[in-house]
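Novice: Following this line is query.cif, made up of mmCIF, C-alpha atoms and all ligand atoms:
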data_my_file
#
loop_
_atom_site.label_atom_id
_atom_site.label_comp_id
_atom_site.auth_asym_id
_atom_site.auth_seq_id
_atom_site.Cartn_x
_atom_site.Cartn_y
_atom_site.Cartn_z
CA MET R 29 0.00 0.00 0.00
CA SER R 30 2.70 2.47 0.91
CA GLN R 31 5.30 3.31 -1.69
CA ALA R 32 8.98 2.51 -1.22
CA LEU R 33 11.02 5.58 -0.39
CA LYS R 34 14.00 6.54 -2.47
CA PRO R 35 16.96 6.73 -0.07
CA ARG R 36 18.04 10.30 0.57
CA ALA R 37 21.59 11.32 -0.36
CA ARG R 38 24.18 10.77 2.35
CA SER R 39 26.04 13.76 3.77
CA ILE R 40 29.82 14.13 3.27
CA GLY R 41 30.41 13.32 6.93
CA GLU R 42 28.36 10.12 6.64
CA ARG R 43 30.20 9.07 3.50
CA ILE R 44 33.57 9.55 5.18
CA PHE R 45 32.31 7.58 8.17
CA LEU R 46 31.22 4.73 5.88
CA ILE R 47 34.65 4.44 4.27
CA PHE R 48 36.06 3.48 7.67
CA PHE R 49 33.06 1.81 9.26
CA PHE R 50 32.91 -1.59 7.59
CA PRO R 51 36.70 -2.26 7.56
CA ILE R 52 36.83 -1.30 11.26
CA VAL R 53 33.92 -3.62 12.08
CA ILE R 54 35.56 -6.52 10.21
CA GLY R 55 39.04 -5.88 11.62
CA PHE R 56 37.81 -5.48 15.16
CA TYR R 57 35.63 -8.60 15.19
CA LEU R 58 38.37 -10.74 13.71
CA ILE R 59 40.81 -9.62 16.39
CA TYR R 60 38.17 -9.96 19.09
CA LYS R 61 37.06 -13.45 18.16
CA TYR R 62 40.05 -14.94 16.41
CA PRO R 63 43.21 -13.20 17.68
CA THR R 64 45.20 -16.40 17.17
CA TRP R 65 44.70 -16.01 13.42
CA PHE R 66 47.13 -13.09 13.70
CA VAL R 67 49.59 -13.93 16.50
CA PRO R 68 50.41 -17.02 18.60
CA GLU R 69 48.22 -17.51 21.67
CA THR R 70 51.05 -16.56 24.04
CA GLU R 71 51.31 -13.13 22.39
CA VAL R 72 47.62 -12.23 22.22
CA ALA R 73 47.47 -10.27 25.47
CA GLN R 74 50.63 -8.26 24.87
CA THR R 75 49.67 -7.54 21.23
CA PHE R 76 45.97 -6.70 21.44
CA TYR R 77 45.17 -5.84 25.06
CA TRP R 78 45.05 -2.19 26.06
CA PHE R 79 45.91 -1.10 29.62
CA GLY R 80 45.84 -4.78 30.52
CA LYS R 81 42.19 -5.17 29.51
CA SER R 82 40.89 -7.51 26.82
CA THR R 83 39.37 -6.52 23.49
CA GLY R 84 36.04 -7.88 24.81
CA PHE R 85 36.18 -5.49 27.75
CA TRP R 86 36.87 -2.47 25.53
CA TYR R 87 34.27 -3.51 22.98
CA ASN R 88 31.62 -3.75 25.68
CA THR R 89 32.75 -0.50 27.29
CA VAL R 90 32.32 1.43 24.04
CA TYR R 91 29.08 -0.41 23.23
CA THR R 92 27.58 0.28 26.65
CA ALA R 93 28.73 3.90 26.66
CA LEU R 94 27.05 4.45 23.29
CA VAL R 95 23.79 2.76 24.29
CA CYS R 96 23.62 4.48 27.69
CA PHE R 97 24.54 7.90 26.33
CA ILE R 98 21.88 7.82 23.59
CA SER R 99 19.15 6.24 25.72
CA GLY R 100 19.90 8.52 28.70
CA GLN R 101 19.84 11.55 26.42
CA ALA R 102 16.51 10.46 24.89
CA VAL R 103 14.90 10.32 28.33
CA LEU R 104 16.44 13.53 29.67
CA LYS R 105 15.75 15.58 26.56
CA GLY R 106 12.04 15.07 27.04
CA THR R 107 11.11 15.33 23.36
CA THR R 108 10.15 12.54 21.01
CA PRO R 109 13.00 10.79 19.20
CA TYR R 110 10.68 9.95 16.28
CA GLY R 111 9.51 12.21 13.48
CA LEU R 112 10.16 15.74 12.40
CA ASN R 113 8.30 17.54 15.17
CA LYS R 114 11.21 17.81 17.55
CA LYS R 115 9.16 19.75 20.09
CA LYS R 116 6.60 17.02 20.67
CA PRO R 117 7.07 15.62 24.21
CA ILE R 118 8.40 12.10 24.50
CA SER R 119 5.63 9.61 25.27
CA GLY R 120 5.50 7.72 28.55
CA TYR R 121 6.02 4.49 26.61
CA GLN R 122 9.26 5.70 25.02
CA LYS R 123 10.49 7.07 28.33
CA LYS R 124 10.02 3.67 29.96
CA LYS R 125 11.54 1.87 26.99
CA PHE R 126 14.73 3.96 26.92
CA THR R 127 15.02 3.81 30.72
CA SER R 128 14.81 0.03 30.50
CA ILE R 129 17.44 0.00 27.75
CA PHE R 130 19.76 2.18 29.86
CA PHE R 131 19.56 0.03 32.98
CA SER R 132 19.51 -3.39 31.31
CA GLN R 133 22.58 -2.48 29.29
CA PHE R 134 24.50 -0.90 32.13
CA ILE R 135 23.64 -3.31 34.94
CA LEU R 136 23.07 -6.68 33.31
CA PHE R 137 25.35 -6.50 30.30
CA TYR R 138 28.21 -4.45 31.73
CA PHE R 139 28.30 -4.06 35.51
CA VAL R 140 27.49 -7.72 36.29
CA PRO R 141 29.89 -9.39 33.83
CA TYR R 142 32.79 -6.93 33.94
CA LEU R 143 32.81 -4.96 37.20
CA LEU R 144 31.05 -7.08 39.80
CA PRO R 145 33.50 -10.03 39.62
CA VAL R 146 36.35 -7.63 40.33
CA LEU R 147 34.48 -6.01 43.24
CA ILE R 148 33.46 -9.23 44.94
CA GLY R 149 36.58 -11.17 44.02
CA HIS R 150 38.91 -8.42 45.27
CA LYS R 151 40.93 -9.03 42.15
CA PRO R 152 43.01 -6.33 40.48
CA PHE R 153 41.04 -4.58 37.76
CA PHE R 154 43.83 -4.44 35.19
CA GLY R 155 45.76 -7.38 33.81
CA ASP R 156 43.26 -9.83 32.23
CA THR R 157 44.79 -13.07 31.13
CA TYR R 158 43.92 -14.21 27.62
CA SER R 159 41.06 -16.67 27.26
CA PRO R 160 39.36 -17.47 23.94
CA VAL R 161 36.01 -15.73 23.44
CA ASN R 162 33.13 -18.04 24.23
CA LYS R 163 30.10 -16.00 23.32
CA ASN R 164 27.25 -17.88 24.92
CA ALA R 165 24.52 -15.41 24.07
CA TYR R 166 21.00 -16.64 24.72
CA VAL R 167 19.82 -15.36 21.36
CA TYR R 168 21.55 -18.41 19.86
CA VAL R 169 19.07 -20.72 21.67
CA TYR R 170 21.33 -23.81 21.81
CA ASN R 171 22.28 -22.89 25.41
CA GLY R 172 18.77 -23.94 26.40
CA PHE R 173 19.81 -27.57 25.87
CA THR R 174 22.88 -27.58 28.07
CA SER R 175 21.82 -26.02 31.38
CA ALA R 176 18.72 -25.87 33.56
CA GLY R 177 19.02 -22.08 33.77
CA GLY R 178 19.29 -21.76 29.98
CA PHE R 179 16.30 -24.06 29.55
CA ALA R 180 14.19 -22.05 32.01
CA TYR R 181 15.21 -18.79 30.35
CA ILE R 182 14.64 -19.79 26.73
CA PHE R 183 11.75 -22.20 27.06
CA VAL R 184 9.84 -20.75 30.03
CA LEU R 185 10.66 -17.11 30.79
CA VAL R 186 10.90 -15.82 27.23
CA PRO R 187 7.64 -17.52 26.10
CA LEU R 188 5.86 -16.08 29.15
CA ALA R 189 7.23 -12.62 28.35
CA VAL R 190 6.05 -13.01 24.75
CA TRP R 191 2.58 -14.01 25.85
CA PHE R 192 2.30 -10.94 28.07
CA PHE R 193 4.31 -8.33 26.15
CA GLY R 194 4.86 -9.57 22.61
CA LYS R 195 8.46 -9.23 21.39
CA ARG R 196 9.16 -6.17 23.51
CA TYR R 197 12.12 -8.16 24.86
CA CYS R 198 13.80 -7.07 21.62
CA SER R 199 13.17 -3.35 21.98
CA TRP R 200 13.36 -2.97 25.77
CA PHE R 201 15.96 -5.40 26.99
CA CYS R 202 18.14 -7.48 24.64
CA ALA R 203 21.77 -6.33 24.43
CA CYS R 204 21.76 -6.59 20.61
CA GLY R 205 18.44 -4.80 20.39
CA ASN R 206 19.65 -2.06 22.74
CA LEU R 207 22.20 -0.96 20.15
CA SER R 208 19.71 -1.19 17.27
CA GLU R 209 17.13 0.78 19.18
CA THR R 210 19.46 3.58 20.23
CA ILE R 211 21.31 3.92 16.91
CA GLY R 212 17.87 3.98 15.27
CA ILE R 213 17.06 7.33 16.91
CA THR R 214 20.29 9.14 15.99
CA SER R 215 20.04 11.36 12.94
CA TRP R 216 22.01 9.08 10.61
CA GLY R 217 20.63 5.92 12.21
CA ASN R 218 17.06 7.04 11.80
CA ARG R 219 17.67 7.66 8.11
CA TRP R 220 19.17 4.19 7.79
CA VAL R 221 15.97 2.81 9.30
CA THR R 222 13.54 4.88 7.25
CA ASP R 223 15.41 4.84 3.94
CA ARG R 224 17.30 1.54 3.88
CA THR R 225 15.21 -1.06 5.71
CA PRO R 226 14.11 -3.68 3.15
CA ARG R 227 10.35 -3.40 2.66
CA GLY R 228 7.77 -5.06 0.44
CA GLU R 229 6.69 -8.60 -0.30
CA THR R 230 10.07 -10.00 -1.39
CA ALA R 231 11.80 -8.69 1.72
CA LYS R 232 9.02 -10.24 3.78
CA LYS R 233 9.41 -13.63 2.11
CA PHE R 234 13.07 -13.77 3.14
CA GLU R 235 12.03 -13.66 6.80
CA ILE R 236 11.65 -17.43 6.50
CA LEU R 237 15.47 -17.61 6.67
CA GLN R 238 15.19 -17.00 10.39
CA TYR R 239 13.47 -20.35 10.90
CA GLY R 240 16.49 -21.98 9.23
CA PHE R 241 18.72 -20.38 11.89
CA LEU R 242 16.35 -21.65 14.59
CA ALA R 243 16.41 -25.17 13.13
CA PHE R 244 20.23 -25.12 13.14
CA ALA R 245 20.23 -23.92 16.78
CA ILE R 246 17.90 -26.73 17.86
CA VAL R 247 19.91 -29.44 16.10
CA PHE R 248 23.14 -28.01 17.55
CA GLY R 249 21.48 -27.91 20.98
CA PHE R 250 20.56 -31.61 20.67
CA VAL R 251 24.11 -32.50 19.65
CA LEU R 252 25.44 -30.67 22.72
CA PHE R 253 22.85 -32.36 24.94
CA LEU R 254 23.66 -35.86 23.64
CA ASN R 255 27.38 -35.25 24.11
CA ALA R 256 27.01 -33.68 27.56
CA TYR R 257 25.00 -36.61 28.91
CA LYS R 258 27.14 -39.14 27.00
CA ILE R 259 24.11 -40.56 25.19
CA ILE R 260 25.92 -40.27 21.86
CA VAL R 261 29.49 -39.02 22.08
CA ALA R 262 30.47 -37.38 18.82
CA PRO R 263 33.14 -34.74 19.50
CA ASP R 264 33.85 -34.22 15.78
CA LEU R 265 30.21 -33.48 15.08
CA GLU R 266 30.06 -31.09 18.02
CA LEU R 267 33.20 -29.34 16.80
CA ALA R 268 31.78 -29.02 13.27
CA PHE R 269 28.58 -27.47 14.60
CA ARG R 270 30.49 -25.16 16.95
CA SER R 271 32.74 -23.95 14.14
CA ALA R 272 29.73 -23.23 11.92
CA GLN R 273 28.00 -21.47 14.81
CA ASP R 274 31.03 -19.31 15.65
CA LEU R 275 32.21 -18.50 12.16
CA VAL R 276 29.05 -18.37 10.04
CA ILE R 277 26.28 -17.48 12.45
CA ASP R 278 27.97 -15.44 15.17
CA LEU R 279 30.73 -13.75 13.19
CA MET R 280 29.31 -13.38 9.67
CA PHE R 281 25.61 -12.92 10.36
CA GLY R 282 25.43 -11.77 14.00
CA ALA R 283 28.33 -9.34 13.88
CA LEU R 284 29.54 -8.43 10.38
CA ILE R 285 26.13 -8.30 8.73
CA GLY R 286 24.16 -7.67 11.94
CA ILE R 287 26.08 -4.51 12.80
CA GLY R 288 28.07 -3.79 9.63
CA ALA R 289 24.88 -3.58 7.57
CA TYR R 290 23.21 -0.89 9.73
CA PRO R 291 23.98 1.89 7.24
CA PHE R 292 22.94 -0.18 4.23
CA LEU R 293 19.95 -2.25 5.37
CA GLY R 294 18.74 -0.57 8.56
CA SER R 295 19.39 -1.54 12.14
CA ARG R 296 17.40 -4.75 12.45
CA ILE R 297 18.64 -7.08 9.69
CA TRP R 298 19.92 -9.70 12.13
CA CYS R 299 16.79 -9.36 14.28
CA ARG R 300 14.53 -9.84 11.30
CA TYR R 301 16.34 -12.48 9.27
CA GLY R 302 18.86 -14.13 11.58
CA CYS R 303 18.18 -14.30 15.31
CA PRO R 304 17.00 -17.81 16.30
CA LEU R 305 15.46 -16.57 19.55
CA ALA R 306 13.32 -14.13 17.59
CA ALA R 307 12.09 -16.96 15.36
CA GLY R 308 11.16 -18.87 18.52
CA MET R 309 9.40 -15.81 19.95
CA ARG R 310 7.44 -15.42 16.77
CA LEU R 311 6.30 -19.04 16.97
CA TYR R 312 5.42 -18.73 20.67
CA GLY R 313 3.48 -15.56 19.92
CA LYS R 314 1.66 -17.10 17.01
CA TYR R 315 0.68 -20.43 18.52
CA ALA R 316 0.21 -19.32 22.13
CA LYS R 317 -1.96 -16.51 20.77
CA SER R 318 -0.08 -13.66 22.46
CA ARG R 319 -2.49 -10.80 22.98
CA PHE R 320 0.12 -8.34 21.77
CA GLN R 321 -1.37 -6.27 18.93
CA VAL R 322 -0.91 -2.90 17.28
CA ILE R 323 -4.32 -1.53 16.39
CA ALA R 324 -5.48 1.37 14.23
CA ASN R 325 -8.45 3.61 14.89
CA ASP R 326 -10.49 5.60 12.41
CA ASP R 327 -8.40 8.79 12.69
CA CYS R 328 -5.87 7.56 10.12
CA LYS R 329 -5.22 10.11 7.38
CA GLY R 330 -3.15 7.81 5.15
CA LEU R 331 0.14 9.63 5.61
CA ASN R 332 2.24 6.41 5.70
CA LEU R 333 4.78 7.81 8.17
CA CYS R 334 4.28 4.77 10.38
CA THR R 335 5.54 2.40 7.69
CA THR R 336 8.70 4.41 7.11
CA GLN R 337 9.57 4.32 10.81
CA CYS R 338 9.33 0.55 11.23
CA PRO R 339 12.80 -1.03 11.63
CA MET R 340 11.27 -4.49 10.99
CA GLY R 341 9.97 -3.52 7.55
CA ILE R 342 6.29 -3.92 8.47
CA ASP R 343 3.88 -2.04 6.25
CA VAL R 344 2.04 -0.61 9.24
CA ALA R 345 -0.02 1.77 7.11
CA SER R 346 -1.58 -1.12 5.22
CA TYR R 347 -3.38 -2.06 8.47
CA ALA R 348 -4.52 1.51 9.07
CA HIS R 349 -5.97 2.64 5.73
CA LYS R 350 -6.82 1.64 2.20
CA ASP R 351 -6.53 4.49 -0.28
CA LYS R 352 -6.57 6.89 2.69
CA VAL R 353 -9.83 5.48 4.04
CA PRO R 354 -9.33 4.16 7.62
CA ILE R 355 -9.82 0.40 7.95
CA LYS R 356 -9.14 -0.03 11.69
CA GLY R 357 -7.00 -3.11 11.19
CA HIS R 358 -4.56 -4.73 13.56
CA PHE R 359 -1.48 -6.93 13.53
CA GLY R 360 0.61 -8.86 15.99
CA LEU R 361 2.92 -11.85 16.11
CA GLN R 362 0.43 -13.96 14.16
CA ASN R 363 1.32 -12.05 11.01
CA SER R 364 4.38 -9.87 11.66
CA PRO R 365 7.79 -9.77 13.38
CA CYS R 366 6.80 -6.60 15.37
CA ILE R 367 9.10 -5.91 18.31
CA GLY R 368 6.81 -3.42 20.03
CA CYS R 369 9.26 -0.53 19.72
CA GLY R 370 6.40 1.93 19.37
CA GLY R 371 8.13 4.02 16.69
CA CYS R 372 5.16 3.77 14.33
CA ILE R 373 2.80 4.86 17.11
CA ASP R 374 4.92 7.81 18.14
CA ILE R 375 5.47 9.15 14.66
CA CYS R 376 1.79 9.11 13.70
CA PRO R 377 0.70 12.75 13.91
CA VAL R 378 -2.98 11.93 14.47
CA GLN R 379 -2.64 9.20 17.14
CA ALA R 380 -4.26 6.64 14.89
CA LEU R 381 -2.22 3.72 16.28
CA SER R 382 -1.89 2.16 19.71
CA PHE R 383 -0.95 -1.06 21.45
CA GLN R 384 -3.76 -3.21 22.67
CA GLU R 385 -4.15 -3.27 26.44
CA ILE R 386 -2.17 -6.10 28.00
CA LEU R 387 -4.54 -8.59 29.58
CA ASN R 388 -7.53 -6.65 28.34
CA HIS R 389 -10.30 -9.21 28.59
CA SER R 390 -12.68 -7.56 26.15
CA ASP R 391 -11.92 -8.64 22.60
CA SER R 392 -10.70 -5.57 20.80
CA THR R 393 -8.55 -7.28 18.22
CA GLY R 394 -10.82 -7.51 15.22
CA PRO R 395 -11.03 -4.95 12.47
CA GLY R 396 -13.80 -2.59 13.36
CA ALA R 397 -13.42 -3.10 17.09
CA ALA R 398 -12.89 0.02 19.17
CA PRO R 399 -9.22 0.13 20.16
CA GLU R 400 -8.31 1.18 23.66
CA SER R 401 -5.21 3.27 23.65
CA ARG R 402 -2.68 2.49 26.34
CA HIS R 403 -0.12 4.70 24.73
CA ALA R 404 0.70 7.88 26.59
S1 LIG M 501 15.72 -10.31 17.52
FE1 LIG M 501 17.21 -11.47 18.76
S2 LIG M 501 19.08 -10.23 18.72
FE2 LIG M 501 17.41 -8.93 18.02
S3 LIG M 501 16.73 -7.90 19.83
FE3 LIG M 501 15.43 -9.71 19.62
S4 LIG M 501 16.40 -11.33 20.81
FE4 LIG M 501 17.90 -9.66 20.55
S1 LIG M 502 -1.56 5.47 11.06
FE1 LIG M 502 -0.84 7.57 11.21
S2 LIG M 502 1.17 7.57 10.22
FE2 LIG M 502 0.15 5.65 9.65
S3 LIG M 502 -0.86 6.05 7.72
FE3 LIG M 502 -2.37 6.50 9.30
S4 LIG M 502 -2.13 8.65 9.78
FE4 LIG M 502 -0.30 8.04 8.65
S1 LIG M 503 5.20 -2.13 13.75
FE1 LIG M 503 5.59 -0.34 15.01
S2 LIG M 503 5.95 -1.14 17.07
FE2 LIG M 503 6.16 -2.86 15.64
S3 LIG M 503 8.32 -2.93 15.13
FE3 LIG M 503 7.35 -1.68 13.56
S4 LIG M 503 7.56 0.44 14.30
FE4 LIG M 503 7.96 -0.94 16.06
#
Turn this file's structure into structure tokens for me.
Ligand code: SF4
Ligand code: SF4
Ligand code: SF4
Specialist:
Amino acid sequence: MSQALKPRARSIGERIFLIFFFPIVIGFYLIYKYPTWFVPETEVAQTFYWFGKSTGFWYNTVYTALVCFISGQAVLKGTTPYGLNKKKPISGYQKKKFTSIFFSQFILFYFVPYLLPVLIGHKPFFGDTYSPVNKNAYVYVYNGFTSAGGFAYIFVLVPLAVWFFGKRYCSWFCACGNLSETIGITSWGNRWVTDRTPRGETAKKFEILQYGFLAFAIVFGFVLFLNAYKIIVAPDLELAFRSAQDLVIDLMFGALIGIGAYPFLGSRIWCRYGCPLAAGMRLYGKYAKSRFQVIANDDCKGLNLCTTQCPMGIDVASYAHKDKVPIKGHFGLQNSPCIGCGGCIDICPVQALSFQEILNHSDSTGPGAAPESRHA
């Protein structure tokens, strides 16, 4: 329904940035994950560590500083980060979202893994010894097969959160999503989202790729489980899966494309086409009939701004109007990968969109039903 936008020209500053951006991303990730490709293991710390701290520490320090600075600024500024009307006050929803991003990033993804062990272990802060990166991120799902905590997290907590809140995990909490969400409200980042996010039917069809990543994660998880409990011991198979996971999924898709493609394909390529946990959340949401919905009322004027703001490429406007006539439609996880970021709702100048009330027992999900706005 809405027409694809022609990407606007990049500024000189952005073009200069792009010349360095992708090579830096590639170089950094290779050193971070595979330093022994460049120097022997005994020389990694003295070659690549800075002030005695590992590349992982510095990466997470810069990452957290960026996320916390942008999210903190969004809350303190008090004006909406979406749309051209820079004087419009920030909504209560966005305030809570960016506050959640700030604290989840700082406390759970930085303070707990990097600072707390030093504080409670009374260890010196500087002088990390080299240990190979073992990135056990929950978004890769296979961890759910090797520990009770991982199982509870991936197969109990996340599905419950999806049932209550939709995929807001992705826009309020996840470490990967925290970067996407905050970069998406910077001036360049917002243009990357509006102008470069793949949209349309073909882009939508490719979302099926994500189920392939989930299938791989589940098979890998089973292999790990069988090996861990010595039901079938196949170390070569485990090694083959781990190499594919580390090199192809984590490095190439999760990092190089996931972050390196921000300026070219928007900030949520990995979240839309790669992340296995997101594929699982979509299935939970669809089959457990999560009540999460975005609904349109009859104030829609057919301006299509909502579609341009969606980092997940959803044609939001097609649920709100047909040829500028309001249709009061709705969508949720049954038919979209919506992460509940609220960008489409905030940018709409006539408040034609809202989230459905959580645990609202009256059925307001059908087209033509009166939506109840919970959006401040
Ligand atoms: S899609 Fe995956 S990586 Fe992206 S925010 Fe959600 S859980 Fe995190
Ligand atoms: S919902 Fe709002 S932004 Fe979207 S098409 Fe309607 S008026 Fe425009
Ligand atoms: S549809 Fe709206 S709330 Fe959902 S991901 Fe897109 S912009 Fe965010």
Novice: Quick one: contact table of chain R to ligand LIG 501 (chain M), 8 Å max, nearest atom pair and distance in Å to one decimal per residue, counting all atoms listed in the file, chain and number order, as a tab-separated table?
Specialist:
residue	atom	partner	partner_atom	distance
R:Val167	CA	M:LIG501	S4	5.3
R:Lys195	CA	M:LIG501	FE3	7.2
R:Tyr197	CA	M:LIG501	FE3	6.4
R:Cys198	CA	M:LIG501	S3	3.5
R:Ser199	CA	M:LIG501	S3	6.2
R:Phe201	CA	M:LIG501	S3	7.6
R:Cys202	CA	M:LIG501	FE4	4.6
R:Ala203	CA	M:LIG501	FE4	6.4
R:Cys204	CA	M:LIG501	S2	4.9
R:Gly205	CA	M:LIG501	S3	3.6
R:Asn206	CA	M:LIG501	S3	7.1
R:Ser208	CA	M:LIG501	S3	7.8
R:Arg296	CA	M:LIG501	FE2	7.0
R:Trp298	CA	M:LIG501	FE2	6.4
R:Cys299	CA	M:LIG501	S1	3.5
R:Arg300	CA	M:LIG501	S1	6.4
R:Gly302	CA	M:LIG501	S1	7.7
R:Cys303	CA	M:LIG501	FE1	4.6
R:Pro304	CA	M:LIG501	FE1	6.8
R:Leu305	CA	M:LIG501	FE1	5.4
R:Ala306	CA	M:LIG501	S1	4.5
R:Ala307	CA	M:LIG501	S1	7.9
R:Ile367	CA	M:LIG501	FE3	7.5
Novice: Go ahead and fit an axis-aligned box to every listed atom of ligand LIG 502 (chain M) plus 3 Å each side, and pass me the centre and edge lengths in Å, one decimal, as AutoDock Vina command-line options.
Specialist:
--center_x -0.6 --center_y 7.1 --center_z 9.5 --size_x 9.5 --size_y 9.2 --size_z 9.5
Novice: Please, what distance in Å, to one decimal, runs between atom CA of R:Ser99 and atom CA of R:Glu209?
Specialist: 8.8 Å
Novice: Counting only C-alpha atoms and all ligand atoms, name the residues that have an atom within 7 Å of an atom of ligand LIG 502 (chain M); the answer should be given as a compact mmCIF listing (two decimals) with C-alpha atoms, keeping the file's coordinate frame.
Specialist:
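The file below, selection.txt, is the result:
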# COMPACT_ATOMS: atom_id res chain seq x y z
CA ALA R 324 -5.48 1.37 14.23
CA ASP R 327 -8.40 8.79 12.69
CA CYS R 328 -5.87 7.56 10.12
CA LYS R 329 -5.22 10.11 7.38
CA GLY R 330 -3.15 7.81 5.15
CA LEU R 331 0.14 9.63 5.61
CA ASN R 332 2.24 6.41 5.70
CA LEU R 333 4.78 7.81 8.17
CA CYS R 334 4.28 4.77 10.38
CA THR R 335 5.54 2.40 7.69
CA VAL R 344 2.04 -0.61 9.24
CA ALA R 345 -0.02 1.77 7.11
CA ALA R 348 -4.52 1.51 9.07
CA HIS R 349 -5.97 2.64 5.73
CA CYS R 372 5.16 3.77 14.33
CA ILE R 375 5.47 9.15 14.66
CA CYS R 376 1.79 9.11 13.70
CA PRO R 377 0.70 12.75 13.91
CA VAL R 378 -2.98 11.93 14.47
CA GLN R 379 -2.64 9.20 17.14
CA ALA R 380 -4.26 6.64 14.89
CA LEU R 381 -2.22 3.72 16.28
Novice: Nearest residue to R:Ala73 out of R:Tyr158, R:Tyr91, R:Tyr60, R:Tyr121, using all atoms listed in the file?
Specialist: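 Closest to R:Ala73 of all the choices is R:Tyr158.
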Novice: Show which residues sit within 12 Å of R:Gly55, as a PyMOL selection string. Count all atoms listed in the file, and ignore same-chain residues fewer than 2 positions away.
Specialist: chain R and resi 48-53+57-63+65-66+83+279+283-284+288
Novice: Residues near R:Gly217, anyone? I mean within 8 Å using all atoms listed in the file, not counting same-chain ones fewer than 2 positions away, as a list in words.
Specialist: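 With the cut-off at 8 Å, the set is Ile211, Gly212, Ile213, Thr214, Ser215, Arg219, Trp220, Val221, Tyr290, Pro291, Gly294 and Ser295 of chain R.
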Novice: For atom CA of R:Val190 and atom CA of R:Phe383, determine how far apart the two atoms are, in Å to one decimal place.
Specialist: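 Between atom CA of R:Val190 and atom CA of R:Phe383 the gap is 14.2 Å.
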Novice: Set the distance at 7 Å and use only C-alpha atoms: which residues neighbour R:Tyr170 once local chain neighbours fewer than 2 positions away are removed? I'd like the list as a PyMOL selection string.
Specialist: chain R and resi 168+172-173+245-246+248-249
Novice: If we count all atoms listed in the file, what is near stretch 191-193 of chain R at a cut-off of 7 Å, once residues fewer than 6 positions away on the same chain are taken out, given as a PyMOL selection string?
Specialist: chain R and resi 313+316+318-320+386
Novice: What would stretch 142-155 of chain R look like with N, CA and C atoms in place, written as a CSV table (one decimal), in the coordinates of the input?
Specialist:
chain,number,residue,atom,x,y,z
R,142,TYR,N,31.4,-7.5,34.0
R,142,TYR,CA,32.8,-6.9,33.9
R,142,TYR,C,33.3,-6.3,35.3
R,143,LEU,N,32.4,-5.7,36.0
R,143,LEU,CA,32.8,-5.0,37.2
R,143,LEU,C,32.5,-5.7,38.5
R,144,LEU,N,31.4,-6.4,38.6
R,144,LEU,CA,31.0,-7.1,39.8
R,144,LEU,C,32.1,-8.2,40.2
R,145,PRO,N,32.5,-9.0,39.2
R,145,PRO,CA,33.5,-10.0,39.6
R,145,PRO,C,34.8,-9.4,40.2
R,146,VAL,N,35.2,-8.3,39.8
R,146,VAL,CA,36.4,-7.6,40.3
R,146,VAL,C,36.0,-7.1,41.7
R,147,LEU,N,34.8,-6.6,41.9
R,147,LEU,CA,34.5,-6.0,43.2
R,147,LEU,C,34.3,-7.1,44.3
R,148,ILE,N,33.7,-8.2,43.9
R,148,ILE,CA,33.5,-9.2,44.9
R,148,ILE,C,34.6,-10.2,45.0
R,149,GLY,N,35.4,-10.2,44.0
R,149,GLY,CA,36.6,-11.2,44.0
R,149,GLY,C,37.8,-10.5,44.5
R,150,HIS,N,37.8,-9.2,44.8
R,150,HIS,CA,38.9,-8.4,45.3
R,150,HIS,C,40.1,-8.7,44.4
R,151,LYS,N,39.8,-8.8,43.1
R,151,LYS,CA,40.9,-9.0,42.2
R,151,LYS,C,41.4,-7.7,41.6
R,152,PRO,N,42.6,-7.6,41.1
R,152,PRO,CA,43.0,-6.3,40.5
R,152,PRO,C,42.2,-6.1,39.2
R,153,PHE,N,41.9,-4.9,38.9
R,153,PHE,CA,41.0,-4.6,37.8
R,153,PHE,C,41.8,-4.8,36.5
R,154,PHE,N,43.0,-4.3,36.4
R,154,PHE,CA,43.8,-4.4,35.2
R,154,PHE,C,44.6,-5.8,35.2
R,155,GLY,N,44.9,-6.2,34.0
R,155,GLY,CA,45.8,-7.4,33.8
R,155,GLY,C,45.0,-8.6,33.5
